[in-house]
$ cat model.pdb   # PDB, C-alpha atoms and all ligand atoms
ATOM      1  CA  MET A   9      92.751  93.328 103.472
ATOM      2  CA  ARG A  10      95.554  91.935 101.311
ATOM      3  CA  VAL A  11      96.466  93.881  98.193
ATOM      4  CA  SER A  12      98.364  92.238  95.360
ATOM      5  CA  LYS A  13      96.797  93.956  92.328
ATOM      6  CA  ALA A  14      96.593  97.592  91.266
ATOM      7  CA  VAL A  15      94.244  99.268  88.792
ATOM      8  CA  VAL A  16      95.083 102.520  87.019
ATOM      9  CA  PRO A  17      92.196 104.116  85.101
ATOM     10  CA  ALA A  18      93.643 105.929  82.094
ATOM     11  CA  ALA A  19      90.784 106.013  79.590
ATOM     12  CA  GLY A  20      89.554 109.574  80.251
ATOM     13  CA  LEU A  21      89.467 112.194  77.514
ATOM     14  CA  GLY A  22      91.675 114.735  79.313
ATOM     15  CA  THR A  23      89.673 117.713  78.068
ATOM     16  CA  ARG A  24      91.339 120.122  80.492
ATOM     17  CA  PHE A  25      94.589 119.654  78.593
ATOM     18  CA  LEU A  26      93.297 120.142  75.066
ATOM     19  CA  PRO A  27      94.821 120.588  72.558
ATOM     20  CA  ALA A  28      97.820 118.745  74.116
ATOM     21  CA  THR A  29      95.631 115.674  74.637
ATOM     22  CA  LYS A  30      93.980 115.655  71.217
ATOM     23  CA  ALA A  31      96.423 113.087  69.840
ATOM     24  CA  GLN A  32      98.242 111.839  72.970
ATOM     25  CA  PRO A  33      97.069 110.456  76.308
ATOM     26  CA  LYS A  34      96.983 112.859  79.256
ATOM     27  CA  GLU A  35      98.642 110.118  81.315
ATOM     28  CA  MET A  36     101.709 110.325  79.033
ATOM     29  CA  LEU A  37     102.329 114.051  79.623
ATOM     30  CA  PRO A  38     105.836 114.231  81.074
ATOM     31  CA  VAL A  39     106.781 115.449  84.515
ATOM     32  CA  VAL A  40     110.455 116.301  83.888
ATOM     33  CA  ASP A  41     111.496 113.280  81.776
ATOM     34  CA  ARG A  42     109.028 110.579  82.781
ATOM     35  CA  PRO A  43     105.380 110.321  81.784
ATOM     36  CA  ALA A  44     102.906 110.801  84.653
ATOM     37  CA  ILE A  45     101.806 107.162  84.508
ATOM     38  CA  HIS A  46     105.434 106.037  84.883
ATOM     39  CA  TYR A  47     105.557 107.553  88.412
ATOM     40  CA  ILE A  48     102.348 105.660  89.189
ATOM     41  CA  ALA A  49     103.914 102.368  88.042
ATOM     42  CA  GLU A  50     106.936 103.132  90.258
ATOM     43  CA  GLU A  51     104.643 103.733  93.240
ATOM     44  CA  VAL A  52     102.884 100.413  92.614
ATOM     45  CA  ASP A  53     106.267  98.673  92.457
ATOM     46  CA  GLN A  54     107.449 100.397  95.664
ATOM     47  CA  CYS A  55     104.415  98.880  97.429
ATOM     48  CA  GLY A  56     105.538  95.400  96.427
ATOM     49  CA  ILE A  57     102.656  94.951  93.961
ATOM     50  CA  SER A  58     103.607  93.296  90.683
ATOM     51  CA  ASP A  59     100.201  92.995  88.980
ATOM     52  CA  LEU A  60      99.222  96.279  87.340
ATOM     53  CA  LEU A  61      96.062  96.627  85.250
ATOM     54  CA  ILE A  62      95.723  99.787  83.160
ATOM     55  CA  VAL A  63      92.261 100.736  81.881
ATOM     56  CA  THR A  64      92.824 102.262  78.454
ATOM     57  CA  GLY A  65      90.715 103.256  75.493
ATOM     58  CA  ARG A  66      90.897 104.715  72.025
ATOM     59  CA  GLY A  67      93.970 106.893  71.456
ATOM     60  CA  LYS A  68      95.904 105.429  74.411
ATOM     61  CA  ARG A  69      98.328 103.205  72.492
ATOM     62  CA  ALA A  70     101.328 105.254  73.657
ATOM     63  CA  ILE A  71     100.758 103.953  77.201
ATOM     64  CA  GLU A  72     101.141 100.353  76.022
ATOM     65  CA  ASP A  73     104.230 101.255  74.030
ATOM     66  CA  HIS A  74     105.760 102.939  77.068
ATOM     67  CA  PHE A  75     105.484  99.782  79.170
ATOM     68  CA  ASP A  76     106.792  97.567  76.371
ATOM     69  CA  ARG A  77     110.293  96.738  75.151
ATOM     70  CA  ALA A  78     111.784  98.992  72.446
ATOM     71  CA  ILE A  79     114.386  96.664  70.981
ATOM     72  CA  GLU A  80     115.949  99.094  68.454
ATOM     73  CA  LEU A  81     116.295 101.808  71.087
ATOM     74  CA  GLU A  82     117.717  99.368  73.639
ATOM     75  CA  ARG A  83     120.310  98.152  71.120
ATOM     76  CA  LEU A  84     121.315 101.662  70.183
ATOM     77  CA  LEU A  85     121.659 102.764  73.805
ATOM     78  CA  GLU A  86     123.622  99.614  74.656
ATOM     79  CA  GLU A  87     126.103 100.376  71.851
ATOM     80  CA  THR A  88     126.601 103.933  73.058
ATOM     81  CA  GLY A  89     126.650 102.881  76.747
ATOM     82  CA  ASN A  90     123.711 105.203  77.500
ATOM     83  CA  PRO A  91     121.741 103.940  80.552
ATOM     84  CA  ARG A  92     118.573 106.012  80.012
ATOM     85  CA  LEU A  93     116.248 103.028  79.615
ATOM     86  CA  SER A  94     117.793 100.630  82.098
ATOM     87  CA  GLU A  95     115.763 101.852  85.089
ATOM     88  CA  LEU A  96     112.527 101.385  83.104
ATOM     89  CA  GLN A  97     113.641  97.935  81.980
ATOM     90  CA  GLN A  98     114.291  96.900  85.567
ATOM     91  CA  LEU A  99     110.838  98.174  86.547
ATOM     92  CA  LEU A 100     109.299  96.148  83.717
ATOM     93  CA  ASP A 101     111.141  93.040  84.902
ATOM     94  CA  ARG A 102     109.343  93.359  88.239
ATOM     95  CA  LEU A 103     105.897  94.475  86.998
ATOM     96  CA  GLN A 104     103.418  92.539  84.922
ATOM     97  CA  VAL A 105     101.297  95.097  83.112
ATOM     98  CA  PHE A 106      97.832  94.140  81.831
ATOM     99  CA  TYR A 107      95.322  96.175  79.854
ATOM    100  CA  VAL A 108      91.563  96.305  79.555
ATOM    101  CA  ARG A 109      89.703  98.683  77.254
ATOM    102  CA  GLN A 110      86.882 100.968  78.339
ATOM    103  CA  GLY A 111      85.011 101.366  75.049
ATOM    104  CA  THR A 112      83.282 104.598  75.996
ATOM    105  CA  PRO A 113      84.621 106.787  78.810
ATOM    106  CA  ARG A 114      81.501 106.710  80.985
ATOM    107  CA  GLY A 115      83.214 107.884  84.158
ATOM    108  CA  LEU A 116      85.728 106.740  86.756
ATOM    109  CA  GLY A 117      83.263 104.269  88.304
ATOM    110  CA  HIS A 118      82.680 102.655  84.925
ATOM    111  CA  ALA A 119      86.445 102.490  84.270
ATOM    112  CA  ILE A 120      86.945 100.594  87.538
ATOM    113  CA  ALA A 121      84.033  98.294  86.751
ATOM    114  CA  CYS A 122      85.983  97.265  83.620
ATOM    115  CA  ALA A 123      88.612  95.712  85.942
ATOM    116  CA  GLU A 124      86.245  93.189  87.536
ATOM    117  CA  ARG A 125      87.298  90.143  85.506
ATOM    118  CA  HIS A 126      90.985  90.768  86.124
ATOM    119  CA  ILE A 127      90.603  91.460  89.844
ATOM    120  CA  ASP A 128      88.794  88.149  90.293
ATOM    121  CA  ASN A 129      87.324  88.584  93.770
ATOM    122  CA  GLU A 130      90.436  90.003  95.456
ATOM    123  CA  ASP A 131      91.103  93.243  97.309
ATOM    124  CA  PHE A 132      92.856  95.766  95.077
ATOM    125  CA  ALA A 133      94.380  99.228  94.902
ATOM    126  CA  VAL A 134      93.341 102.055  92.583
ATOM    127  CA  LEU A 135      95.719 104.868  91.638
ATOM    128  CA  LEU A 136      94.694 107.849  89.519
ATOM    129  CA  PRO A 137      97.526 109.189  87.385
ATOM    130  CA  ASP A 138      96.144 112.717  87.926
ATOM    131  CA  ASP A 139      97.522 112.663  91.462
ATOM    132  CA  LEU A 140     101.272 112.442  91.970
ATOM    133  CA  TYR A 141     102.914 112.434  95.385
ATOM    134  CA  LEU A 142     106.341 113.337  96.670
ATOM    135  CA  SER A 143     106.571 111.482  99.961
ATOM    136  CA  ASP A 144     108.998 109.438 102.025
ATOM    137  CA  GLU A 145     106.596 106.484 102.265
ATOM    138  CA  PRO A 146     104.677 105.881  99.009
ATOM    139  CA  ALA A 147     101.154 107.341  99.223
ATOM    140  CA  LEU A 148      99.567 103.997  98.333
ATOM    141  CA  GLY A 149     101.774 102.238 100.899
ATOM    142  CA  GLN A 150     100.333 104.525 103.604
ATOM    143  CA  LEU A 151      96.806 103.416 102.628
ATOM    144  CA  ILE A 152      97.701  99.738 102.429
ATOM    145  CA  ARG A 153      99.203  99.868 105.918
ATOM    146  CA  VAL A 154      95.918 101.224 107.343
ATOM    147  CA  ALA A 155      93.771  98.838 105.243
ATOM    148  CA  GLU A 156      95.756  95.876 106.607
ATOM    149  CA  GLU A 157      95.657  97.138 110.212
ATOM    150  CA  LEU A 158      91.902  97.855 110.208
ATOM    151  CA  ASP A 159      90.973  95.138 107.710
ATOM    152  CA  ALA A 160      88.861  97.692 105.856
ATOM    153  CA  PRO A 161      88.690  99.674 102.608
ATOM    154  CA  VAL A 162      90.549 102.985 102.668
ATOM    155  CA  VAL A 163      90.399 106.162 100.570
ATOM    156  CA  ALA A 164      92.969 108.962 100.476
ATOM    157  CA  VAL A 165      91.694 112.421 101.395
ATOM    158  CA  VAL A 166      93.157 115.885 101.432
ATOM    159  CA  GLU A 167      91.981 118.992 103.263
ATOM    160  CA  VAL A 168      90.653 121.297 100.555
ATOM    161  CA  PRO A 169      89.959 125.068 100.755
ATOM    162  CA  LYS A 170      86.185 125.727 100.863
ATOM    163  CA  ALA A 171      86.221 127.453  97.470
ATOM    164  CA  ASP A 172      87.584 124.302  95.768
ATOM    165  CA  ILE A 173      85.532 121.652  97.586
ATOM    166  CA  GLY A 174      82.962 121.481  94.758
ATOM    167  CA  ARG A 175      85.580 119.804  92.522
ATOM    168  CA  TYR A 176      85.908 116.744  94.790
ATOM    169  CA  GLY A 177      84.076 113.766  96.170
ATOM    170  CA  VAL A 178      83.728 114.779  99.838
ATOM    171  CA  VAL A 179      83.533 112.532 102.918
ATOM    172  CA  ALA A 180      81.584 113.006 106.127
ATOM    173  CA  VAL A 181      83.781 111.619 108.905
ATOM    174  CA  ARG A 182      83.690 110.714 112.575
ATOM    175  CA  GLU A 183      86.550 111.678 114.924
ATOM    176  CA  GLN A 184      90.049 110.348 114.191
ATOM    177  CA  VAL A 185      90.652 106.686 115.016
ATOM    178  CA  SER A 186      94.407 107.285 114.899
ATOM    179  CA  PRO A 187      96.530 110.189 113.597
ATOM    180  CA  GLY A 188      95.262 111.066 110.111
ATOM    181  CA  VAL A 189      92.783 108.162 109.970
ATOM    182  CA  TYR A 190      89.005 108.758 110.079
ATOM    183  CA  ARG A 191      85.932 106.514 109.865
ATOM    184  CA  VAL A 192      83.887 107.584 106.827
ATOM    185  CA  LEU A 193      80.162 108.017 107.456
ATOM    186  CA  ASP A 194      79.018 109.259 104.069
ATOM    187  CA  MET A 195      80.231 110.602 100.740
ATOM    188  CA  VAL A 196      78.947 113.148  98.298
ATOM    189  CA  GLU A 197      80.240 113.977  94.795
ATOM    190  CA  LYS A 198      81.047 117.611  93.968
ATOM    191  CA  PRO A 199      78.851 119.276  96.633
ATOM    192  CA  ALA A 200      78.111 123.011  96.723
ATOM    193  CA  PRO A 201      80.504 124.536  99.345
ATOM    194  CA  GLU A 202      77.592 125.161 101.772
ATOM    195  CA  ASP A 203      76.483 121.491 101.503
ATOM    196  CA  ALA A 204      79.957 119.920 101.908
ATOM    197  CA  PRO A 205      79.921 117.595 104.956
ATOM    198  CA  SER A 206      83.638 118.275 105.650
ATOM    199  CA  GLN A 207      86.743 119.835 104.165
ATOM    200  CA  PHE A 208      88.091 116.415 103.179
ATOM    201  CA  GLY A 209      88.157 115.777  99.441
ATOM    202  CA  VAL A 210      88.821 112.267  98.132
ATOM    203  CA  VAL A 211      91.978 112.060  96.012
ATOM    204  CA  GLY A 212      93.443 109.454  93.704
ATOM    205  CA  ARG A 213      94.425 106.490  95.913
ATOM    206  CA  TYR A 214      92.067 103.779  97.135
ATOM    207  CA  VAL A 215      92.208 100.296  98.632
ATOM    208  CA  LEU A 216      88.980  98.538  97.712
ATOM    209  CA  PRO A 217      87.315  95.190  98.272
ATOM    210  CA  PRO A 218      85.800  93.214  95.381
ATOM    211  CA  GLU A 219      82.261  94.044  96.658
ATOM    212  CA  ILE A 220      82.747  97.464  95.079
ATOM    213  CA  PHE A 221      81.908  95.886  91.708
ATOM    214  CA  ALA A 222      78.391  94.929  92.882
ATOM    215  CA  HIS A 223      77.886  98.492  94.131
ATOM    216  CA  LEU A 224      79.155  99.889  90.815
ATOM    217  CA  LYS A 225      76.665  97.746  88.903
ATOM    218  CA  ARG A 226      73.839  99.242  90.943
ATOM    219  CA  THR A 227      75.151 102.801  90.452
ATOM    220  CA  ALA A 228      73.110 104.912  88.046
ATOM    221  CA  PRO A 229      74.858 107.695  86.116
ATOM    222  CA  GLY A 230      75.316 110.632  88.513
ATOM    223  CA  ALA A 231      76.947 114.083  88.284
ATOM    224  CA  GLY A 232      77.791 114.865  84.645
ATOM    225  CA  GLY A 233      76.028 111.706  83.336
ATOM    226  CA  GLU A 234      79.046 109.630  84.455
ATOM    227  CA  ILE A 235      79.089 106.529  86.656
ATOM    228  CA  GLN A 236      80.698 107.952  89.763
ATOM    229  CA  LEU A 237      82.984 105.916  91.982
ATOM    230  CA  THR A 238      81.853 108.152  94.857
ATOM    231  CA  ASP A 239      78.277 106.827  94.577
ATOM    232  CA  ALA A 240      79.466 103.209  94.844
ATOM    233  CA  LEU A 241      81.768 104.156  97.757
ATOM    234  CA  LYS A 242      78.798 105.732  99.528
ATOM    235  CA  ALA A 243      76.949 102.393  99.252
ATOM    236  CA  LEU A 244      80.081 100.559 100.449
ATOM    237  CA  CYS A 245      80.234 102.810 103.563
ATOM    238  CA  GLU A 246      76.660 101.830 104.385
ATOM    239  CA  ALA A 247      77.532  98.136 104.119
ATOM    240  CA  ARG A 248      80.829  98.061 106.088
ATOM    241  CA  PRO A 249      83.344 100.388 107.788
ATOM    242  CA  VAL A 250      85.450 102.451 105.367
ATOM    243  CA  TYR A 251      88.300 104.726 106.457
ATOM    244  CA  ALA A 252      89.837 107.925 105.094
ATOM    245  CA  VAL A 253      93.563 108.606 105.398
ATOM    246  CA  THR A 254      95.281 111.966 105.063
ATOM    247  CA  VAL A 255      98.427 111.027 103.161
ATOM    248  CA  VAL A 256     101.709 112.418 104.522
ATOM    249  CA  GLY A 257     103.522 114.036 101.597
ATOM    250  CA  GLU A 258     103.143 116.676  98.910
ATOM    251  CA  ARG A 259     100.321 116.057  96.448
ATOM    252  CA  TYR A 260     100.248 117.424  92.922
ATOM    253  CA  ASP A 261      96.975 117.505  90.998
ATOM    254  CA  ILE A 262      98.396 117.204  87.515
ATOM    255  CA  GLY A 263      94.940 116.847  85.938
ATOM    256  CA  GLU A 264      95.028 120.580  85.192
ATOM    257  CA  PRO A 265      97.765 122.779  83.727
ATOM    258  CA  LEU A 266      98.816 124.782  86.819
ATOM    259  CA  GLY A 267      99.108 121.576  88.855
ATOM    260  CA  LEU A 268     101.295 120.018  86.166
ATOM    261  CA  LEU A 269     103.559 123.079  86.133
ATOM    262  CA  ARG A 270     103.903 122.968  89.925
ATOM    263  CA  ALA A 271     104.771 119.269  89.723
ATOM    264  CA  GLN A 272     107.373 119.915  87.016
ATOM    265  CA  ILE A 273     109.184 122.410  89.243
ATOM    266  CA  SER A 274     108.966 120.401  92.471
ATOM    267  CA  PHE A 275     110.030 117.134  90.858
ATOM    268  CA  ALA A 276     112.910 118.883  89.058
ATOM    269  CA  LEU A 277     114.061 120.449  92.349
ATOM    270  CA  ARG A 278     114.389 116.910  93.784
ATOM    271  CA  ARG A 279     116.715 115.911  90.956
ATOM    272  CA  PRO A 280     120.412 116.425  91.764
ATOM    273  CA  ASP A 281     121.204 116.861  88.050
ATOM    274  CA  LEU A 282     118.595 119.607  87.584
ATOM    275  CA  ALA A 283     117.993 121.317  90.941
ATOM    276  CA  ASP A 284     120.689 124.035  90.660
ATOM    277  CA  GLY A 285     119.678 124.995  87.128
ATOM    278  CA  VAL A 286     115.994 125.190  88.077
ATOM    279  CA  ARG A 287     116.766 127.294  91.177
ATOM    280  CA  GLU A 288     118.847 129.717  89.109
ATOM    281  CA  PHE A 289     116.142 129.995  86.485
ATOM    282  CA  LEU A 290     113.419 130.555  89.091
ATOM    283  CA  ALA A 291     115.472 133.300  90.734
ATOM    284  CA  GLU A 292     115.997 134.912  87.319
ATOM    285  CA  VAL A 293     112.316 134.903  86.299
ATOM    286  CA  THR A 294     110.972 135.876  89.720
ATOM    287  CA  ASN A 295     113.433 138.833  89.899
ATOM    288  CA  GLY A 296     112.027 140.061  86.634
ATOM    289  CA  LEU A 297     108.425 140.053  87.954
TER     290      LEU A 297
HETATM  291  P1  LIG B   1      89.214 112.818  85.152
HETATM  292  O1  LIG B   1      88.040 113.055  86.003
HETATM  293  O2  LIG B   1      90.388 113.710  85.372
HETATM  294  O3  LIG B   1      88.725 112.874  83.629
HETATM  295  O4  LIG B   1      89.645 111.301  85.340
HETATM  296  P2  LIG B   1      89.556 113.019  82.307
HETATM  297  O5  LIG B   1      88.640 112.687  81.185
HETATM  298  O6  LIG B   1      90.823 112.222  82.375
HETATM  299  O7  LIG B   1      90.027 114.538  82.235
HETATM  300  P3  LIG B   1      89.201 115.889  81.972
HETATM  301  O8  LIG B   1      88.420 116.136  83.226
HETATM  302  O9  LIG B   1      88.352 115.692  80.750
HETATM  303  O10 LIG B   1      90.291 116.902  81.749
HETATM  304  C1  LIG B   1      90.436 110.817  86.417
HETATM  305  C2  LIG B   1      91.121 109.543  85.966
HETATM  306  O11 LIG B   1      90.147 108.568  85.581
HETATM  307  C3  LIG B   1      90.334 108.153  84.246
HETATM  308  C4  LIG B   1      91.152 109.250  83.586
HETATM  309  O12 LIG B   1      91.936 108.725  82.519
HETATM  310  C5  LIG B   1      92.010 109.763  84.735
HETATM  311  O13 LIG B   1      93.181 109.006  84.892
HETATM  312  N1  LIG B   1      89.014 107.959  83.603
HETATM  313  C6  LIG B   1      88.059 108.935  83.679
HETATM  314  C7  LIG B   1      88.762 106.789  82.913
HETATM  315  O14 LIG B   1      89.625 105.885  82.827
HETATM  316  N2  LIG B   1      87.547 106.626  82.310
HETATM  317  C8  LIG B   1      86.563 107.573  82.371
HETATM  318  O15 LIG B   1      85.478 107.342  81.811
HETATM  319  C9  LIG B   1      86.842 108.760  83.075
END

$ encode --input "model.pdb" --output "structure tokens"
Amino acid sequence: MRVSKAVVPAAGLGTRFLPATKAQPKEMLPVVDRPAIHYIAEEVDQCGISDLLIVTGRGKRAIEDHFDRAIELERLLEETGNPRLSELQQLLDRLQVFYVRQGTPRGLGHAIACAERHIDNEDFAVLLPDDLYLSDEPALGQLIRVAEELDAPVVAVVEVPKADIGRYGVVAVREQVSPGVYRVLDMVEKPAPEDAPSQFGVVGRYVLPPEIFAHLKRTAPGAGGEIQLTDALKALCEARPVYAVTVVGERYDIGEPLGLLRAQISFALRRPDLADGVREFLAEVTNGL
């Protein structure tokens, strides 16, 4: 596998964050002082990928504005010597960001199907902005390494407590092929805990071949009336070997409020300019509990 393009689905309705997401995209909710999708673009860049396709939809204009120049702001900051946009500008110099619209949010599988034209028969990466990682090696980079070594599609998985397994696509796996790498035998979307084939839930990083588009086309709406990526991945596993990788690092599911709060604190604690203040505040509030 050779990955030179990344797809970020960002056309979902974000109902778990209403009313915050009534008039702004969930993917633009900030973690400290950067929108969630900004960290995803950084991860793509860290993997040496410069072609980033974002799947957007109605009400997602702020995402396009974020990855665009803001000439008045740049001028103002230049005059005052404030560097707050320079890091983003450098990122934009390296990344080419493309957009495709998903007219109706018919599920993650459908969002990825919208990328077919742009991907143009190449292998590609998918990153969900709901999942942020703090890790030494970028989470996607860990998958790409395995996909290149095994010349096979790879999905990221995390070991999930039994009570939560019904929220995930779950893989059935064979024994490890190397530390943290498993051959996937089957996949099932949101199983009841007693039916889950393992404790491994699929999370938001994938390296996929272009054949996935043919499988998506054959995928009927599944759980929740949505076209599920898991169903197409299940068909892919039947056609060729697919591997699951347990990513080394801390994962934050920022698709729901408690996960976003946890990410805010952890990301702030990694920031030299904020860590002491956050620690003091945490000590203060936890003493009062
Ligand atoms: P989620 O399953 O979290 O759905 O999507 P959602 O609509 O964003 O949020 P909730 O569940 O209503 O709160 C995972 C990722 O897939 C994208 C979302 O934008 C998110 O980044 N997605 C989902 C699409 O692009 N299109 C869809 O039809 C569904």

$ residues_near_ligand --input "model.pdb" --ligand "ligand LIG 1 (chain B)" --cutoff "7 Å" --atoms "all atoms listed in the file" --output "list of chain:residue names"
A:Pro17, A:Ala18, A:Ala19, A:Gly20, A:Leu21, A:Gly22, A:Thr23, A:Arg24, A:Phe25, A:Lys34, A:Glu35, A:Val63, A:Thr64, A:Gln110, A:Thr112, A:Pro113, A:Arg114, A:Gly115, A:Leu116, A:His118, A:Ala119, A:Leu136, A:Pro137, A:Asp138, A:Gly263, A:Glu264

$ residues_around --input "model.pdb" --residues "stretch 219-229 of chain A" --least-positions-apart "3" --cutoff "9 Å" --atoms "all atoms listed in the file" --output "mmCIF file with C-alpha atoms, in the frame of the given file"
data_model
loop_
_atom_site.group_PDB
_atom_site.id
_atom_site.type_symbol
_atom_site.label_atom_id
_atom_site.label_comp_id
_atom_site.auth_asym_id
_atom_site.auth_seq_id
_atom_site.Cartn_x
_atom_site.Cartn_y
_atom_site.Cartn_z
ATOM 1 C CA ARG A 114 81.501 106.710 80.985
ATOM 2 C CA GLY A 115 83.214 107.884 84.158
ATOM 3 C CA GLY A 117 83.263 104.269 88.304
ATOM 4 C CA HIS A 118 82.680 102.655 84.925
ATOM 5 C CA ILE A 120 86.945 100.594 87.538
ATOM 6 C CA ALA A 121 84.033 98.294 86.751
ATOM 7 C CA ALA A 123 88.612 95.712 85.942
ATOM 8 C CA GLU A 124 86.245 93.189 87.536
ATOM 9 C CA ASN A 129 87.324 88.584 93.770
ATOM 10 C CA ASP A 131 91.103 93.243 97.309
ATOM 11 C CA LEU A 216 88.980 98.538 97.712
ATOM 12 C CA GLY A 232 77.791 114.865 84.645
ATOM 13 C CA GLY A 233 76.028 111.706 83.336
ATOM 14 C CA GLU A 234 79.046 109.630 84.455
ATOM 15 C CA ILE A 235 79.089 106.529 86.656
ATOM 16 C CA GLN A 236 80.698 107.952 89.763
ATOM 17 C CA LEU A 237 82.984 105.916 91.982
ATOM 18 C CA ASP A 239 78.277 106.827 94.577
ATOM 19 C CA ALA A 240 79.466 103.209 94.844
ATOM 20 C CA LEU A 241 81.768 104.156 97.757
ATOM 21 C CA ALA A 243 76.949 102.393 99.252
ATOM 22 C CA LEU A 244 80.081 100.559 100.449
#

$ closest_residue --input "model.pdb" --among "A:Arg42, A:Val16, A:Leu26, A:Val52" --to "A:Glu145" --atoms "all atoms listed in the file"
A:Val52

$ residues_around --input "model.pdb" --residues "stretch 88-93 of chain A" --least-positions-apart "4" --cutoff "12 Å" --atoms "only C-alpha atoms" --output "PyMOL selection string"
chain A and resi 41-42+74-84+97-100

$ write_last_selection --input "model.pdb" --atoms "C-alpha atoms" --output "mmCIF file, keeping the file's coordinate frame"
data_model
loop_
_atom_site.group_PDB
_atom_site.id
_atom_site.type_symbol
_atom_site.label_atom_id
_atom_site.label_comp_id
_atom_site.auth_asym_id
_atom_site.auth_seq_id
_atom_site.Cartn_x
_atom_site.Cartn_y
_atom_site.Cartn_z
ATOM 1 C CA ASP A 41 111.496 113.280 81.776
ATOM 2 C CA ARG A 42 109.028 110.579 82.781
ATOM 3 C CA HIS A 74 105.760 102.939 77.068
ATOM 4 C CA PHE A 75 105.484 99.782 79.170
ATOM 5 C CA ASP A 76 106.792 97.567 76.371
ATOM 6 C CA ARG A 77 110.293 96.738 75.151
ATOM 7 C CA ALA A 78 111.784 98.992 72.446
ATOM 8 C CA ILE A 79 114.386 96.664 70.981
ATOM 9 C CA GLU A 80 115.949 99.094 68.454
ATOM 10 C CA LEU A 81 116.295 101.808 71.087
ATOM 11 C CA GLU A 82 117.717 99.368 73.639
ATOM 12 C CA ARG A 83 120.310 98.152 71.120
ATOM 13 C CA LEU A 84 121.315 101.662 70.183
ATOM 14 C CA GLN A 97 113.641 97.935 81.980
ATOM 15 C CA GLN A 98 114.291 96.900 85.567
ATOM 16 C CA LEU A 99 110.838 98.174 86.547
ATOM 17 C CA LEU A 100 109.299 96.148 83.717
#

$ residues_around --input "model.pdb" --residues "stretch 212-215 of chain A" --least-positions-apart "6" --cutoff "8 Å" --atoms "all atoms listed in the file" --output "VMD selection string"
chain A and resid 11 131 to 139 147 to 148 151 to 152 155 161 to 164

$ closest_residue --input "model.pdb" --among "A:Lys13, A:Arg270, A:His46, A:Arg69" --to "A:Pro217" --atoms "only C-alpha atoms"
A:Lys13

$ residues_around --input "model.pdb" --residues "A:Ala283" --least-positions-apart "5" --cutoff "12 Å" --atoms "only C-alpha atoms" --output "JSON, numbers by chain"
{"A": [40, 272, 273, 274, 275, 276, 277, 278, 288, 289, 290]}

$ atom_distance --input "model.pdb" --atom1 "atom CA of A:Pro205" --atom2 "atom CA of A:Val179"
6.5 Å

$ residues_around --input "model.pdb" --residues "A:Val168" --least-positions-apart "3" --cutoff "9 Å" --atoms "only C-alpha atoms" --output "list in words"
Val165, Ala171, Asp172, Ile173, Tyr176, Gln207, Phe208 and Gly209 of chain A

$ closest_residue --input "model.pdb" --among "A:Ser186, A:Ser143, A:Thr294, A:Gln32" --to "A:Ile71" --atoms "all atoms listed in the file"
A:Gln32

$ atom_distance --input "model.pdb" --atom1 "atom CA of A:Leu142" --atom2 "atom CA of A:Tyr47"
10.1 Å

$ atom_distance --input "model.pdb" --atom1 "atom CA of A:Tyr260" --atom2 "atom CA of A:Asp144"
14.9 Å

$ residues_near_point --input "model.pdb" --point "(96.8, 98.0, 84.9)" --cutoff "7 Å" --atoms "all atoms listed in the file" --output "list in words"
Ala14, Val15, Val16, Leu60, Leu61, Ile62, Val63, Val105, Phe106 and Tyr107 of chain A

$ axis_aligned_box --input "model.pdb" --around "stretch 98-106 of chain A" --padding-each-side "8 Å" --output "AutoDock Vina command-line options"
--center_x 106.1 --center_y 95.4 --center_z 85.0 --size_x 32.5 --size_y 21.6 --size_z 22.4
